[in-house]
Each structure stands twice: as C-alpha cells, then as structure tokens.
Amino acid sequence: MKYFGSTLDFIHRRNDDLMRVFRQKLAEADVIRMADIYKAVAESPSSRFWVSEHRAAIVISSMEAGRSLPCMIETKREMFQEIYRRYRELRPLHPKMSLLELASIIVNQPAPKFYFTPSSVREFIRRIRNGYYDCK
C-alpha cells in the first residue's frame with residue numbers, strides 16, 4: 001500500500017520522461033490545445049513502467065492467485081494487465097528467478113504508454129514546472 005507522502009526512487013526519471021514527451025508533443029502540434037497535448041503524452045510510449053518493482057510483484061502475485069483488480073482506475077488496471085502478460089511470457093524462460101526479480105526486469109522495460117490519465121499528466125506537468133519536486 002502506498003502511504004501519503006511516500007516518494008518513489010524514480011520520480012525524477014519519470015518527470016524527465018514526461019517532460020521530454022511533453023516538449024516533443026508541443027513541438028509536433030500544428031495547433032496547441034493543451035487537453036490534446038496531455039492526452040497525447042499519456043498515450044505515448046514511455047521508457048519504463050512507472051511503478052515500483054515491489055508494487056508490481058504484489059499485484060502480479062495477487063493476479064496469479066486469481067484475484068481481480070476492482071479498486072484500480074482503468075489506466076492502472078491496464079498497466080498491471082500488461083505487466084502480468086509480460087510476466088507470463090518471462091516466467092517459463094527464467095523458472096529459477098524470484099517474482100521480485102522478474103517484476104524488476106519487466107517494470108524497467110519500455111512501456112507502450114505512460115498509463116496516466118490526461119488529467120494526471122496535466123497535474124504532473126504543472127508540479128514539475130512549479131518546482132514542486134525540486135526540494136524533494
């Protein structure tokens with residue numbers, strides 16, 4: 001479970017990745033409509049899955065046990081389904097690796113999209129620009 005105020009070790013990498021794609025989408029746009037830009041960023045490929053290895057391992061374990069993911073927003077559910085799909089492909093190739101080791105390999109692979117909502121992207125960009133993460 002993620003607690004209020006917890007920070008992730010990859011937060012600066014995530015922010016750099018978001019800003020890289022954000023600037024790219026702004027440069028590519030003929031007409032700048034911020035709602036469209038945020039949506040395009042959210043649907044763009046990402047350098048990795050923006051979830052910790054430990055959280056991914058917990059969710060994979062839960063999915064292996066046959067539990068559904070009813071309390072997640074759709075984007076997160078979709079992300080964990082993709083992670084689980086990759087886990088099912090990787091598991092037979094590396095049967096001696098632990099679940100955490102496999103989760104670590106998977107979350108550090110390029111992701112097909114950011115798995116954020118456009119409003120989440122907007123909020124991340126706003127916070128990055130306002131220096132929210134600078135002293136963290």
# chains A, B, ... in the order shown; residues from 1 in each chain; ligands from 1
$ select_by_dssp --residues "stretch 3-65 of chain A" --states "alpha helix (DSSP H)" --output "PyMOL selection string"
chain A and resi 11-28+34-42+53-64
$ write_last_selection --atoms "N, CA and C atoms" --output "mmCIF file, in the first residue's frame"
data_model
loop_
_atom_site.group_PDB
_atom_site.id
_atom_site.type_symbol
_atom_site.label_atom_id
_atom_site.label_comp_id
_atom_site.auth_asym_id
_atom_site.auth_seq_id
_atom_site.Cartn_x
_atom_site.Cartn_y
_atom_site.Cartn_z
ATOM 1 N N ILE A 11 11.274 9.073 -9.238
ATOM 2 C CA ILE A 11 10.404 10.210 -9.525
ATOM 3 C C ILE A 11 11.042 11.206 -10.501
ATOM 4 N N HIS A 12 12.329 11.450 -10.369
ATOM 5 C CA HIS A 12 12.990 12.397 -11.270
ATOM 6 C C HIS A 12 13.110 11.829 -12.680
ATOM 7 N N ARG A 13 13.328 10.537 -12.797
ATOM 8 C CA ARG A 13 13.361 9.911 -14.134
ATOM 9 C C ARG A 13 11.990 9.984 -14.792
ATOM 10 N N ARG A 14 10.937 9.739 -14.003
ATOM 11 C CA ARG A 14 9.573 9.839 -14.532
ATOM 12 C C ARG A 14 9.300 11.251 -15.022
ATOM 13 N N ASN A 15 9.674 12.233 -14.206
ATOM 14 C CA ASN A 15 9.447 13.628 -14.591
ATOM 15 C C ASN A 15 10.226 14.006 -15.844
ATOM 16 N N ASP A 16 11.472 13.554 -15.933
ATOM 17 C CA ASP A 16 12.271 13.819 -17.140
ATOM 18 C C ASP A 16 11.630 13.188 -18.363
ATOM 19 N N ASP A 17 11.136 11.967 -18.218
ATOM 20 C CA ASP A 17 10.489 11.268 -19.328
ATOM 21 C C ASP A 17 9.212 11.995 -19.750
ATOM 22 N N LEU A 18 8.405 12.399 -18.767
ATOM 23 C CA LEU A 18 7.170 13.137 -19.070
ATOM 24 C C LEU A 18 7.474 14.455 -19.781
ATOM 25 N N MET A 19 8.459 15.195 -19.275
ATOM 26 C CA MET A 19 8.777 16.492 -19.886
ATOM 27 C C MET A 19 9.363 16.328 -21.283
ATOM 28 N N ARG A 20 10.140 15.284 -21.497
ATOM 29 C CA ARG A 20 10.691 15.018 -22.830
ATOM 30 C C ARG A 20 9.556 14.817 -23.825
ATOM 31 N N VAL A 21 8.600 13.962 -23.474
ATOM 32 C CA VAL A 21 7.475 13.678 -24.375
ATOM 33 C C VAL A 21 6.572 14.903 -24.506
ATOM 34 N N PHE A 22 6.348 15.615 -23.409
ATOM 35 C CA PHE A 22 5.523 16.824 -23.428
ATOM 36 C C PHE A 22 6.096 17.852 -24.411
ATOM 37 N N ARG A 23 7.394 18.100 -24.319
ATOM 38 C CA ARG A 23 8.028 19.057 -25.235
ATOM 39 C C ARG A 23 7.963 18.573 -26.682
ATOM 40 N N GLN A 24 8.140 17.276 -26.868
ATOM 41 C CA GLN A 24 8.058 16.700 -28.210
ATOM 42 C C GLN A 24 6.656 16.894 -28.785
ATOM 43 N N LYS A 25 5.627 16.627 -27.999
ATOM 44 C CA LYS A 25 4.249 16.777 -28.484
ATOM 45 C C LYS A 25 3.911 18.234 -28.758
ATOM 46 N N LEU A 26 4.424 19.141 -27.932
ATOM 47 C CA LEU A 26 4.209 20.567 -28.198
ATOM 48 C C LEU A 26 4.853 20.973 -29.522
ATOM 49 N N ALA A 27 6.071 20.494 -29.758
ATOM 50 C CA ALA A 27 6.796 20.842 -30.988
ATOM 51 C C ALA A 27 6.107 20.261 -32.227
ATOM 52 N N GLU A 28 5.494 19.108 -32.095
ATOM 53 C CA GLU A 28 4.843 18.452 -33.233
ATOM 54 C C GLU A 28 3.465 19.020 -33.546
ATOM 55 N N MET A 34 -4.120 22.254 -25.128
ATOM 56 C CA MET A 34 -3.462 21.555 -24.028
ATOM 57 C C MET A 34 -4.140 20.231 -23.690
ATOM 58 N N ALA A 35 -5.442 20.155 -23.776
ATOM 59 C CA ALA A 35 -6.136 18.888 -23.492
ATOM 60 C C ALA A 35 -5.667 17.791 -24.445
ATOM 61 N N ASP A 36 -5.471 18.149 -25.711
ATOM 62 C CA ASP A 36 -4.983 17.184 -26.703
ATOM 63 C C ASP A 36 -3.525 16.802 -26.443
ATOM 64 N N ILE A 37 -2.731 17.786 -26.021
ATOM 65 C CA ILE A 37 -1.321 17.526 -25.722
ATOM 66 C C ILE A 37 -1.206 16.558 -24.544
ATOM 67 N N TYR A 38 -1.961 16.805 -23.473
ATOM 68 C CA TYR A 38 -1.911 15.924 -22.297
ATOM 69 C C TYR A 38 -2.355 14.508 -22.649
ATOM 70 N N LYS A 39 -3.378 14.418 -23.487
ATOM 71 C CA LYS A 39 -3.845 13.095 -23.916
ATOM 72 C C LYS A 39 -2.782 12.388 -24.752
ATOM 73 N N ALA A 40 -2.136 13.126 -25.654
ATOM 74 C CA ALA A 40 -1.091 12.543 -26.497
ATOM 75 C C ALA A 40 0.098 12.081 -25.658
ATOM 76 N N VAL A 41 0.447 12.849 -24.634
ATOM 77 C CA VAL A 41 1.543 12.455 -23.745
ATOM 78 C C VAL A 41 1.166 11.170 -23.013
ATOM 79 N N ALA A 42 -0.037 11.113 -22.474
ATOM 80 C CA ALA A 42 -0.482 9.938 -21.724
ATOM 81 C C ALA A 42 -0.453 8.671 -22.576
ATOM 82 N N GLU A 53 9.105 -1.937 -8.347
ATOM 83 C CA GLU A 53 9.234 -3.381 -8.518
ATOM 84 C C GLU A 53 8.423 -4.118 -7.462
ATOM 85 N N HIS A 54 8.437 -3.585 -6.234
ATOM 86 C CA HIS A 54 7.725 -4.237 -5.136
ATOM 87 C C HIS A 54 6.212 -4.215 -5.347
ATOM 88 N N ARG A 55 5.698 -3.076 -5.783
ATOM 89 C CA ARG A 55 4.249 -2.982 -6.039
ATOM 90 C C ARG A 55 3.865 -3.898 -7.198
ATOM 91 N N ALA A 56 4.667 -3.930 -8.233
ATOM 92 C CA ALA A 56 4.381 -4.808 -9.375
ATOM 93 C C ALA A 56 4.368 -6.268 -8.924
ATOM 94 N N ALA A 57 5.324 -6.656 -8.080
ATOM 95 C CA ALA A 57 5.377 -8.039 -7.596
ATOM 96 C C ALA A 57 4.147 -8.382 -6.766
ATOM 97 N N ILE A 58 3.687 -7.453 -5.946
ATOM 98 C CA ILE A 58 2.494 -7.678 -5.124
ATOM 99 C C ILE A 58 1.274 -7.891 -6.015
ATOM 100 N N VAL A 59 1.133 -7.054 -7.025
ATOM 101 C CA VAL A 59 -0.039 -7.153 -7.909
ATOM 102 C C VAL A 59 0.047 -8.415 -8.769
ATOM 103 N N ILE A 60 1.234 -8.756 -9.258
ATOM 104 C CA ILE A 60 1.394 -9.990 -10.034
ATOM 105 C C ILE A 60 1.011 -11.192 -9.179
ATOM 106 N N SER A 61 1.472 -11.200 -7.940
ATOM 107 C CA SER A 61 1.144 -12.296 -7.025
ATOM 108 C C SER A 61 -0.366 -12.397 -6.817
ATOM 109 N N SER A 62 -1.001 -11.278 -6.660
ATOM 110 C CA SER A 62 -2.450 -11.241 -6.499
ATOM 111 C C SER A 62 -3.161 -11.774 -7.743
ATOM 112 N N MET A 63 -2.671 -11.389 -8.905
ATOM 113 C CA MET A 63 -3.274 -11.854 -10.154
ATOM 114 C C MET A 63 -3.033 -13.353 -10.351
ATOM 115 N N GLU A 64 -1.858 -13.815 -9.940
ATOM 116 C CA GLU A 64 -1.559 -15.251 -10.022
ATOM 117 C C GLU A 64 -2.528 -16.054 -9.153
#
$ residues_around --residues "A:Gln109" --least-positions-apart "3" --cutoff "8 Å" --atoms "only C-alpha atoms" --output "list in words"
Ser47, Arg48, Phe49, Ile105 and Ile106 of chain A
$ atom_distance --atom1 "atom CA of A:Lys76" --atom2 "atom CA of A:Tyr115"
6.3 Å
$ residues_around --residues "A:Phe10" --least-positions-apart "6" --cutoff "9 Å" --atoms "only C-alpha atoms" --output "number ranges by chain"
A: 50-52
$ write_last_selection --atoms "N, CA and C atoms" --output "PDB file, in the first residue's frame"
ATOM      1  N   TRP A  50       5.949   3.010 -14.837  1.00  0.00           N
ATOM      2  CA  TRP A  50       6.166   3.874 -13.679  1.00  0.00           C
ATOM      3  C   TRP A  50       5.448   3.327 -12.455  1.00  0.00           C
ATOM      4  N   VAL A  51       5.981   2.211 -11.978  1.00  0.00           N
ATOM      5  CA  VAL A  51       5.522   1.548 -10.770  1.00  0.00           C
ATOM      6  C   VAL A  51       6.751   0.886 -10.153  1.00  0.00           C
ATOM      7  N   SER A  52       6.775   0.773  -8.839  1.00  0.00           N
ATOM      8  CA  SER A  52       7.940   0.151  -8.205  1.00  0.00           C
ATOM      9  C   SER A  52       7.932  -1.354  -8.439  1.00  0.00           C
TER      10      SER A  52
END
$ atom_distance --atom1 "atom CA of A:Ala111" --atom2 "atom CA of A:Pro45"
5.8 Å
$ atom_distance --atom1 "atom CA of A:Met97" --atom2 "atom CA of A:Cys71"
29.2 Å
$ closest_residue --among "A:Ile32, A:Ile128, A:Leu69, A:Ile83" --to "A:Pro110" --atoms "only C-alpha atoms"
A:Ile83
